[in-house]
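Structure file model-v8.cif (mmCIF, N, CA and C atoms) is printed below.
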data_work
#
loop_
_atom_site.label_atom_id
_atom_site.label_comp_id
_atom_site.auth_asym_id
_atom_site.auth_seq_id
_atom_site.Cartn_x
_atom_site.Cartn_y
_atom_site.Cartn_z
N MET A 1 58.41 92.59 86.86
CA MET A 1 58.85 93.51 85.83
C MET A 1 60.36 93.72 85.98
N SER A 2 61.07 93.38 84.96
CA SER A 2 62.52 93.54 84.98
C SER A 2 62.92 94.63 83.99
N LYS A 3 63.79 95.50 84.43
CA LYS A 3 64.26 96.59 83.57
C LYS A 3 65.65 96.25 83.05
N ASP A 4 65.90 96.61 81.81
CA ASP A 4 67.21 96.41 81.20
C ASP A 4 67.95 97.74 81.27
N PHE A 5 68.80 97.88 82.29
CA PHE A 5 69.46 99.16 82.51
C PHE A 5 70.52 99.47 81.46
N LYS A 6 71.07 98.45 80.83
CA LYS A 6 72.01 98.71 79.74
C LYS A 6 71.28 99.37 78.56
N ALA A 7 70.07 98.88 78.28
CA ALA A 7 69.27 99.47 77.20
C ALA A 7 68.80 100.88 77.58
N ILE A 8 68.43 101.05 78.84
CA ILE A 8 67.95 102.36 79.29
C ILE A 8 69.03 103.42 79.09
N ILE A 9 70.26 103.14 79.54
CA ILE A 9 71.28 104.17 79.38
C ILE A 9 71.73 104.31 77.93
N GLY A 10 71.62 103.24 77.16
CA GLY A 10 71.92 103.35 75.73
C GLY A 10 70.96 104.29 75.02
N ASP A 11 69.67 104.15 75.32
CA ASP A 11 68.66 105.03 74.73
C ASP A 11 68.86 106.47 75.17
N ILE A 12 69.12 106.66 76.46
CA ILE A 12 69.32 108.02 76.96
C ILE A 12 70.57 108.63 76.32
N GLY A 13 71.63 107.85 76.20
CA GLY A 13 72.86 108.35 75.58
C GLY A 13 72.64 108.83 74.17
N ALA A 14 71.83 108.09 73.41
CA ALA A 14 71.56 108.48 72.03
C ALA A 14 70.82 109.81 71.97
N TYR A 15 69.85 109.98 72.82
CA TYR A 15 69.08 111.23 72.80
C TYR A 15 69.83 112.38 73.46
N ALA A 16 70.71 112.07 74.40
CA ALA A 16 71.56 113.12 74.97
C ALA A 16 72.47 113.69 73.88
N ALA A 17 72.93 112.82 72.99
CA ALA A 17 73.76 113.28 71.87
C ALA A 17 72.94 114.21 70.96
N GLU A 18 71.68 113.89 70.76
CA GLU A 18 70.80 114.76 69.96
C GLU A 18 70.63 116.11 70.66
N LEU A 19 70.44 116.06 71.97
CA LEU A 19 70.29 117.32 72.71
C LEU A 19 71.57 118.15 72.64
N ARG A 20 72.72 117.49 72.64
CA ARG A 20 73.99 118.21 72.54
C ARG A 20 74.04 119.01 71.23
N LYS A 21 73.46 118.46 70.16
CA LYS A 21 73.41 119.18 68.87
C LYS A 21 72.40 120.32 68.91
N LEU A 22 71.27 120.08 69.56
CA LEU A 22 70.17 121.04 69.53
C LEU A 22 70.33 122.17 70.55
N ILE A 23 70.87 121.84 71.72
CA ILE A 23 71.02 122.85 72.78
C ILE A 23 72.43 122.75 73.38
N PRO A 24 73.43 123.08 72.58
CA PRO A 24 74.81 122.89 73.03
C PRO A 24 75.18 123.71 74.26
N ASP A 25 74.66 124.91 74.38
CA ASP A 25 75.02 125.74 75.54
C ASP A 25 74.51 125.09 76.83
N THR A 26 73.29 124.61 76.80
CA THR A 26 72.72 123.95 77.98
C THR A 26 73.50 122.69 78.32
N MET A 27 73.79 121.89 77.32
CA MET A 27 74.51 120.63 77.56
C MET A 27 75.94 120.89 78.02
N ASN A 28 76.58 121.92 77.46
CA ASN A 28 77.93 122.28 77.92
C ASN A 28 77.89 122.76 79.38
N GLY A 29 76.85 123.50 79.72
CA GLY A 29 76.69 123.95 81.11
C GLY A 29 76.50 122.78 82.06
N PHE A 30 75.70 121.81 81.65
CA PHE A 30 75.50 120.61 82.47
C PHE A 30 76.81 119.85 82.63
N SER A 31 77.54 119.72 81.54
CA SER A 31 78.83 119.01 81.59
C SER A 31 79.81 119.72 82.52
N ALA A 32 79.82 121.04 82.48
CA ALA A 32 80.72 121.80 83.37
C ALA A 32 80.32 121.60 84.82
N MET A 33 79.01 121.58 85.10
CA MET A 33 78.55 121.36 86.47
C MET A 33 78.93 119.95 86.93
N ALA A 34 78.75 118.97 86.07
CA ALA A 34 79.12 117.60 86.41
C ALA A 34 80.61 117.49 86.71
N LYS A 35 81.42 118.14 85.88
CA LYS A 35 82.87 118.11 86.09
C LYS A 35 83.24 118.73 87.43
N GLY A 36 82.62 119.84 87.77
CA GLY A 36 82.90 120.48 89.05
C GLY A 36 82.46 119.64 90.23
N ALA A 37 81.29 119.03 90.12
CA ALA A 37 80.75 118.24 91.23
C ALA A 37 81.51 116.94 91.45
N THR A 38 82.07 116.39 90.39
CA THR A 38 82.73 115.09 90.51
C THR A 38 84.23 115.19 90.79
N GLN A 39 84.76 116.41 90.83
CA GLN A 39 86.17 116.55 91.19
C GLN A 39 86.40 115.97 92.58
N THR A 40 87.49 115.26 92.71
CA THR A 40 87.79 114.67 94.03
C THR A 40 88.69 115.62 94.80
N LYS A 41 88.17 116.07 95.90
CA LYS A 41 88.94 116.91 96.82
C LYS A 41 89.00 116.17 98.15
N VAL A 42 87.90 116.17 98.87
CA VAL A 42 87.83 115.48 100.17
C VAL A 42 87.22 114.09 99.99
N LEU A 43 86.16 114.00 99.20
CA LEU A 43 85.51 112.71 98.95
C LEU A 43 86.09 112.06 97.71
N ASP A 44 86.29 110.75 97.77
CA ASP A 44 86.80 110.04 96.59
C ASP A 44 85.67 109.77 95.59
N GLU A 45 86.07 109.35 94.40
CA GLU A 45 85.11 109.15 93.31
C GLU A 45 84.05 108.11 93.66
N LYS A 46 84.46 107.01 94.28
CA LYS A 46 83.49 105.96 94.62
C LYS A 46 82.46 106.47 95.62
N THR A 47 82.89 107.22 96.61
CA THR A 47 81.96 107.78 97.60
C THR A 47 80.94 108.68 96.91
N LYS A 48 81.42 109.51 96.00
CA LYS A 48 80.51 110.41 95.28
C LYS A 48 79.51 109.62 94.44
N GLU A 49 79.95 108.55 93.84
CA GLU A 49 79.04 107.72 93.04
C GLU A 49 78.03 106.98 93.92
N LEU A 50 78.44 106.58 95.12
CA LEU A 50 77.49 105.97 96.06
C LEU A 50 76.41 106.98 96.46
N ILE A 51 76.83 108.22 96.66
CA ILE A 51 75.86 109.29 96.95
C ILE A 51 74.93 109.46 95.74
N ALA A 52 75.50 109.47 94.56
CA ALA A 52 74.72 109.70 93.34
C ALA A 52 73.68 108.61 93.14
N ILE A 53 74.03 107.35 93.37
CA ILE A 53 73.04 106.29 93.17
C ILE A 53 71.94 106.38 94.21
N ALA A 54 72.28 106.78 95.44
CA ALA A 54 71.26 106.98 96.47
C ALA A 54 70.32 108.13 96.08
N LEU A 55 70.87 109.18 95.50
CA LEU A 55 70.04 110.30 95.04
C LEU A 55 69.18 109.89 93.84
N GLY A 56 69.71 109.00 93.00
CA GLY A 56 68.91 108.47 91.89
C GLY A 56 67.71 107.70 92.41
N VAL A 57 67.91 106.97 93.50
CA VAL A 57 66.79 106.27 94.15
C VAL A 57 65.77 107.29 94.63
N ALA A 58 66.24 108.33 95.32
CA ALA A 58 65.33 109.35 95.86
C ALA A 58 64.55 110.05 94.76
N ALA A 59 65.19 110.25 93.61
CA ALA A 59 64.54 110.96 92.49
C ALA A 59 63.72 110.02 91.61
N HIS A 60 63.78 108.71 91.88
CA HIS A 60 63.07 107.70 91.08
C HIS A 60 63.48 107.80 89.61
N CYS A 61 64.79 107.84 89.38
CA CYS A 61 65.36 108.07 88.05
C CYS A 61 66.07 106.81 87.54
N ASP A 62 65.43 106.10 86.61
CA ASP A 62 66.02 104.87 86.07
C ASP A 62 67.36 105.14 85.39
N GLY A 63 67.45 106.21 84.63
CA GLY A 63 68.70 106.55 83.96
C GLY A 63 69.82 106.79 84.95
N CYS A 64 69.51 107.49 86.03
CA CYS A 64 70.51 107.75 87.07
C CYS A 64 71.00 106.44 87.67
N LEU A 65 70.08 105.52 87.93
CA LEU A 65 70.47 104.23 88.49
C LEU A 65 71.42 103.51 87.54
N GLY A 66 71.10 103.53 86.25
CA GLY A 66 71.94 102.85 85.27
C GLY A 66 73.32 103.46 85.14
N PHE A 67 73.39 104.77 84.95
CA PHE A 67 74.68 105.42 84.75
C PHE A 67 75.58 105.29 85.99
N HIS A 68 75.00 105.46 87.16
CA HIS A 68 75.82 105.43 88.38
C HIS A 68 76.17 104.00 88.79
N ALA A 69 75.28 103.04 88.53
CA ALA A 69 75.62 101.64 88.79
C ALA A 69 76.77 101.20 87.89
N LYS A 70 76.71 101.58 86.63
CA LYS A 70 77.78 101.23 85.68
C LYS A 70 79.11 101.80 86.16
N THR A 71 79.10 103.06 86.58
CA THR A 71 80.33 103.69 87.07
C THR A 71 80.83 103.02 88.34
N LEU A 72 79.92 102.66 89.24
CA LEU A 72 80.33 101.99 90.48
C LEU A 72 81.00 100.64 90.19
N VAL A 73 80.48 99.92 89.22
CA VAL A 73 81.11 98.65 88.83
C VAL A 73 82.52 98.93 88.30
N GLN A 74 82.66 99.95 87.45
CA GLN A 74 83.97 100.30 86.89
C GLN A 74 84.95 100.73 87.98
N LEU A 75 84.44 101.33 89.05
CA LEU A 75 85.29 101.78 90.15
C LEU A 75 85.59 100.67 91.16
N GLY A 76 85.03 99.49 90.94
CA GLY A 76 85.31 98.36 91.83
C GLY A 76 84.49 98.35 93.10
N ALA A 77 83.36 99.05 93.11
CA ALA A 77 82.49 99.02 94.29
C ALA A 77 81.97 97.59 94.50
N THR A 78 81.81 97.24 95.74
CA THR A 78 81.24 95.92 96.04
C THR A 78 79.73 96.02 96.15
N ARG A 79 79.10 94.88 96.03
CA ARG A 79 77.65 94.79 96.20
C ARG A 79 77.26 95.28 97.59
N GLU A 80 78.09 94.95 98.57
CA GLU A 80 77.81 95.34 99.96
C GLU A 80 77.89 96.86 100.14
N GLU A 81 78.86 97.50 99.48
CA GLU A 81 78.96 98.96 99.57
C GLU A 81 77.73 99.63 98.96
N VAL A 82 77.32 99.13 97.81
CA VAL A 82 76.14 99.69 97.15
C VAL A 82 74.90 99.46 98.03
N ALA A 83 74.77 98.26 98.57
CA ALA A 83 73.62 97.95 99.42
C ALA A 83 73.56 98.88 100.63
N GLU A 84 74.71 99.17 101.21
CA GLU A 84 74.73 100.04 102.39
C GLU A 84 74.29 101.46 102.02
N ALA A 85 74.74 101.96 100.89
CA ALA A 85 74.30 103.28 100.43
C ALA A 85 72.79 103.27 100.15
N LEU A 86 72.32 102.19 99.56
CA LEU A 86 70.88 102.07 99.28
C LEU A 86 70.08 102.00 100.58
N GLY A 87 70.67 101.41 101.61
CA GLY A 87 70.00 101.38 102.91
C GLY A 87 69.73 102.78 103.43
N MET A 88 70.66 103.69 103.22
CA MET A 88 70.45 105.08 103.64
C MET A 88 69.33 105.72 102.82
N ALA A 89 69.29 105.41 101.52
CA ALA A 89 68.22 105.96 100.68
C ALA A 89 66.86 105.44 101.13
N ILE A 90 66.79 104.17 101.49
CA ILE A 90 65.53 103.59 101.98
C ILE A 90 65.14 104.24 103.30
N TYR A 91 66.10 104.38 104.20
CA TYR A 91 65.84 105.01 105.50
C TYR A 91 65.26 106.41 105.33
N MET A 92 65.83 107.17 104.41
CA MET A 92 65.39 108.56 104.23
C MET A 92 64.11 108.67 103.40
N GLY A 93 63.83 107.68 102.55
CA GLY A 93 62.70 107.81 101.64
C GLY A 93 61.57 106.83 101.82
N GLY A 94 61.71 105.87 102.72
CA GLY A 94 60.62 104.94 102.99
C GLY A 94 60.32 103.98 101.85
N GLY A 95 59.07 103.56 101.79
CA GLY A 95 58.63 102.54 100.84
C GLY A 95 58.93 102.84 99.38
N PRO A 96 58.62 104.05 98.88
CA PRO A 96 58.92 104.33 97.48
C PRO A 96 60.42 104.19 97.18
N SER A 97 61.26 104.59 98.12
CA SER A 97 62.70 104.44 97.90
C SER A 97 63.11 102.97 97.93
N LEU A 98 62.44 102.16 98.72
CA LEU A 98 62.72 100.72 98.74
C LEU A 98 62.49 100.13 97.35
N MET A 99 61.42 100.55 96.67
CA MET A 99 61.12 100.03 95.33
C MET A 99 62.25 100.38 94.36
N TYR A 100 62.74 101.61 94.41
CA TYR A 100 63.80 102.03 93.50
C TYR A 100 65.17 101.51 93.95
N ALA A 101 65.35 101.29 95.24
CA ALA A 101 66.60 100.69 95.70
C ALA A 101 66.74 99.27 95.16
N ALA A 102 65.63 98.55 95.10
CA ALA A 102 65.66 97.20 94.51
C ALA A 102 66.08 97.28 93.05
N ASP A 103 65.55 98.27 92.32
CA ASP A 103 65.97 98.47 90.93
C ASP A 103 67.43 98.88 90.84
N ALA A 104 67.91 99.69 91.78
CA ALA A 104 69.32 100.09 91.78
C ALA A 104 70.21 98.87 91.96
N MET A 105 69.81 97.96 92.83
CA MET A 105 70.59 96.74 93.05
C MET A 105 70.58 95.88 91.78
N ARG A 106 69.40 95.80 91.14
CA ARG A 106 69.28 95.06 89.88
C ARG A 106 70.22 95.67 88.83
N SER A 107 70.25 97.00 88.76
CA SER A 107 71.11 97.69 87.81
C SER A 107 72.57 97.37 88.07
N PHE A 108 72.98 97.45 89.33
CA PHE A 108 74.37 97.13 89.68
C PHE A 108 74.70 95.69 89.27
N ASP A 109 73.78 94.77 89.55
CA ASP A 109 74.02 93.37 89.18
C ASP A 109 74.11 93.20 87.66
N GLN A 110 73.27 93.93 86.91
CA GLN A 110 73.33 93.82 85.45
C GLN A 110 74.67 94.28 84.90
N PHE A 111 75.22 95.34 85.46
CA PHE A 111 76.51 95.84 84.98
C PHE A 111 77.67 95.02 85.53
N SER A 112 77.42 94.30 86.61
CA SER A 112 78.47 93.44 87.19
C SER A 112 78.66 92.17 86.40
N THR A 113 77.65 91.74 85.69
CA THR A 113 77.74 90.49 84.93
C THR A 113 78.40 90.72 83.59
N LYS A 114 79.23 89.81 83.24
CA LYS A 114 79.96 89.89 81.97
C LYS A 114 79.18 89.12 80.89
N VAL A 115 78.04 89.69 80.47
CA VAL A 115 77.22 89.01 79.46
C VAL A 115 77.35 89.72 78.14
#
Represent the structure from my file as structure tokens, please.
Amino acid sequence: MSKDFKAIIGDIGAYAAELRKLIPDTMNGFSAMAKGATQTKVLDEKTKELIAIALGVAAHCDGCLGFHAKTLVQLGATREEVAEALGMAIYMGGGPSLMYAADAMRSFDQFSTKV
């Protein structure tokens, strides 16, 4: 079973836009929280995204894997850096995390290819 992470985040993006119209206060609150959490003070942006993709694995969230893999590619993360972060997710989460870590790697590879 292969997942198309570009399609997954495209679908989520479309419905997130709908939610922004329907529940603007909630979506604005989420955006403010995201802005605060992603500010770089001590940790750089790539490190925070590596943490985020590992947490996406832990939460079994396909959308999280797609959005954070795409950002990691844009930030110039290497496959090895992503794999090492995924190793920590597997260590902490066992077999179920291994299944999602494989999908996270697939997602990173899909965004890395210029197709």
Considering all atoms listed in the file, can you say which of A:Ile90, A:Val73, A:Leu19, A:Ala7 comes closest to A:Phe111?
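Distance minimum relative to A:Phe111 lands on A:Val73.
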Coordinates-based distance that separates atom CA of A:Thr78 from atom CA of A:Thr40 (Å, one decimal)
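Computed distance, atom CA of A:Thr40 to atom CA of A:Thr78, equals 20.0 Å.
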I'd like the interatomic distance between atom CA of A:Tyr15 and atom CA of A:Leu65, to a tenth of an Å.
17.2 Å
Quick check on the file I pasted: which residues fall under the PyMOL selection byres ((chain A and resi 52-56) around 6.5)? Write them as a count of residues only.
18
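Between atom C of A:Lys21 and atom CA of A:Gly63 the separation is 20.7 Å.
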Polymer residues at most 9 Å from A:Ala83, only C-alpha atoms, same-chain spacing of 4 or more positions, as a list in words
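Result of the neighbour search: Thr78, Arg79, Gly87, Met88, Ala101 and Met105 of chain A.
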Selected residue of minimal separation from A:Asp4 among A:Ser107, A:Pro96, A:Met33, A:Pro24, counting all atoms listed in the file:
A:Ser107
9 Å contact set for A:Phe67, only C-alpha atoms, chain neighbours under 6 positions out, as a PyMOL selection string
chain A and resi 5-6+9+53
Name the closest residue to A:Ser31 among the candidates A:Glu84, A:Lys70, A:Ala16, A:Asp11; distances are taken between atoms, counting only C-alpha atoms.
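The answer is A:Ala16, which sits nearest to A:Ser31.
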Which is closer to A:Asp44 than all the others in A:Ala14, A:Ile23, A:Leu72, A:Ala102, using only C-alpha atoms?
A:Leu72
Using only C-alpha atoms, can you tell me which of A:Gln39, A:Leu98, A:Gln110, A:Gly76 comes closest to A:Ile8?
A:Gln110
Could you give me, as a PyMOL selection string, each residue of chain A that DSSP assigns to alpha helix (DSSP H) when run on this structure's backbone?
chain A and resi 5-22+24-38+45-59+62-74+79-112
Could stretch 63-75 of chain A be written out with N, CA and C atoms, as a PDB file, in the first residue's frame, please?
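selection.pdb was written with the following content:
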ATOM      1  N   GLY A  63      -1.203  13.329   7.586  1.00  0.00           N
ATOM      2  CA  GLY A  63      -1.076  14.739   7.215  1.00  0.00           C
ATOM      3  C   GLY A  63       0.165  15.369   7.827  1.00  0.00           C
ATOM      4  N   CYS A  64       0.424  15.043   9.088  1.00  0.00           N
ATOM      5  CA  CYS A  64       1.622  15.567   9.753  1.00  0.00           C
ATOM      6  C   CYS A  64       2.879  15.109   9.028  1.00  0.00           C
ATOM      7  N   LEU A  65       2.909  13.837   8.645  1.00  0.00           N
ATOM      8  CA  LEU A  65       4.081  13.322   7.925  1.00  0.00           C
ATOM      9  C   LEU A  65       4.281  14.089   6.628  1.00  0.00           C
ATOM     10  N   GLY A  66       3.198  14.337   5.906  1.00  0.00           N
ATOM     11  CA  GLY A  66       3.301  15.051   4.638  1.00  0.00           C
ATOM     12  C   GLY A  66       3.756  16.488   4.791  1.00  0.00           C
ATOM     13  N   PHE A  67       3.107  17.231   5.670  1.00  0.00           N
ATOM     14  CA  PHE A  67       3.451  18.643   5.829  1.00  0.00           C
ATOM     15  C   PHE A  67       4.883  18.828   6.340  1.00  0.00           C
ATOM     16  N   HIS A  68       5.283  18.001   7.297  1.00  0.00           N
ATOM     17  CA  HIS A  68       6.621  18.183   7.880  1.00  0.00           C
ATOM     18  C   HIS A  68       7.715  17.624   6.976  1.00  0.00           C
ATOM     19  N   ALA A  69       7.420  16.559   6.228  1.00  0.00           N
ATOM     20  CA  ALA A  69       8.397  16.063   5.256  1.00  0.00           C
ATOM     21  C   ALA A  69       8.631  17.108   4.165  1.00  0.00           C
ATOM     22  N   LYS A  70       7.564  17.714   3.691  1.00  0.00           N
ATOM     23  CA  LYS A  70       7.687  18.759   2.661  1.00  0.00           C
ATOM     24  C   LYS A  70       8.556  19.905   3.173  1.00  0.00           C
ATOM     25  N   THR A  71       8.306  20.336   4.399  1.00  0.00           N
ATOM     26  CA  THR A  71       9.092  21.429   4.977  1.00  0.00           C
ATOM     27  C   THR A  71      10.545  21.025   5.158  1.00  0.00           C
ATOM     28  N   LEU A  72      10.789  19.793   5.593  1.00  0.00           N
ATOM     29  CA  LEU A  72      12.169  19.328   5.769  1.00  0.00           C
ATOM     30  C   LEU A  72      12.930  19.323   4.441  1.00  0.00           C
ATOM     31  N   VAL A  73      12.263  18.933   3.380  1.00  0.00           N
ATOM     32  CA  VAL A  73      12.906  18.979   2.056  1.00  0.00           C
ATOM     33  C   VAL A  73      13.243  20.426   1.711  1.00  0.00           C
ATOM     34  N   GLN A  74      12.303  21.345   1.942  1.00  0.00           N
ATOM     35  CA  GLN A  74      12.536  22.763   1.648  1.00  0.00           C
ATOM     36  C   GLN A  74      13.682  23.333   2.481  1.00  0.00           C
ATOM     37  N   LEU A  75      13.863  22.808   3.689  1.00  0.00           N
ATOM     38  CA  LEU A  75      14.931  23.280   4.567  1.00  0.00           C
ATOM     39  C   LEU A  75      16.276  22.613   4.284  1.00  0.00           C
TER      40      LEU A  75
END
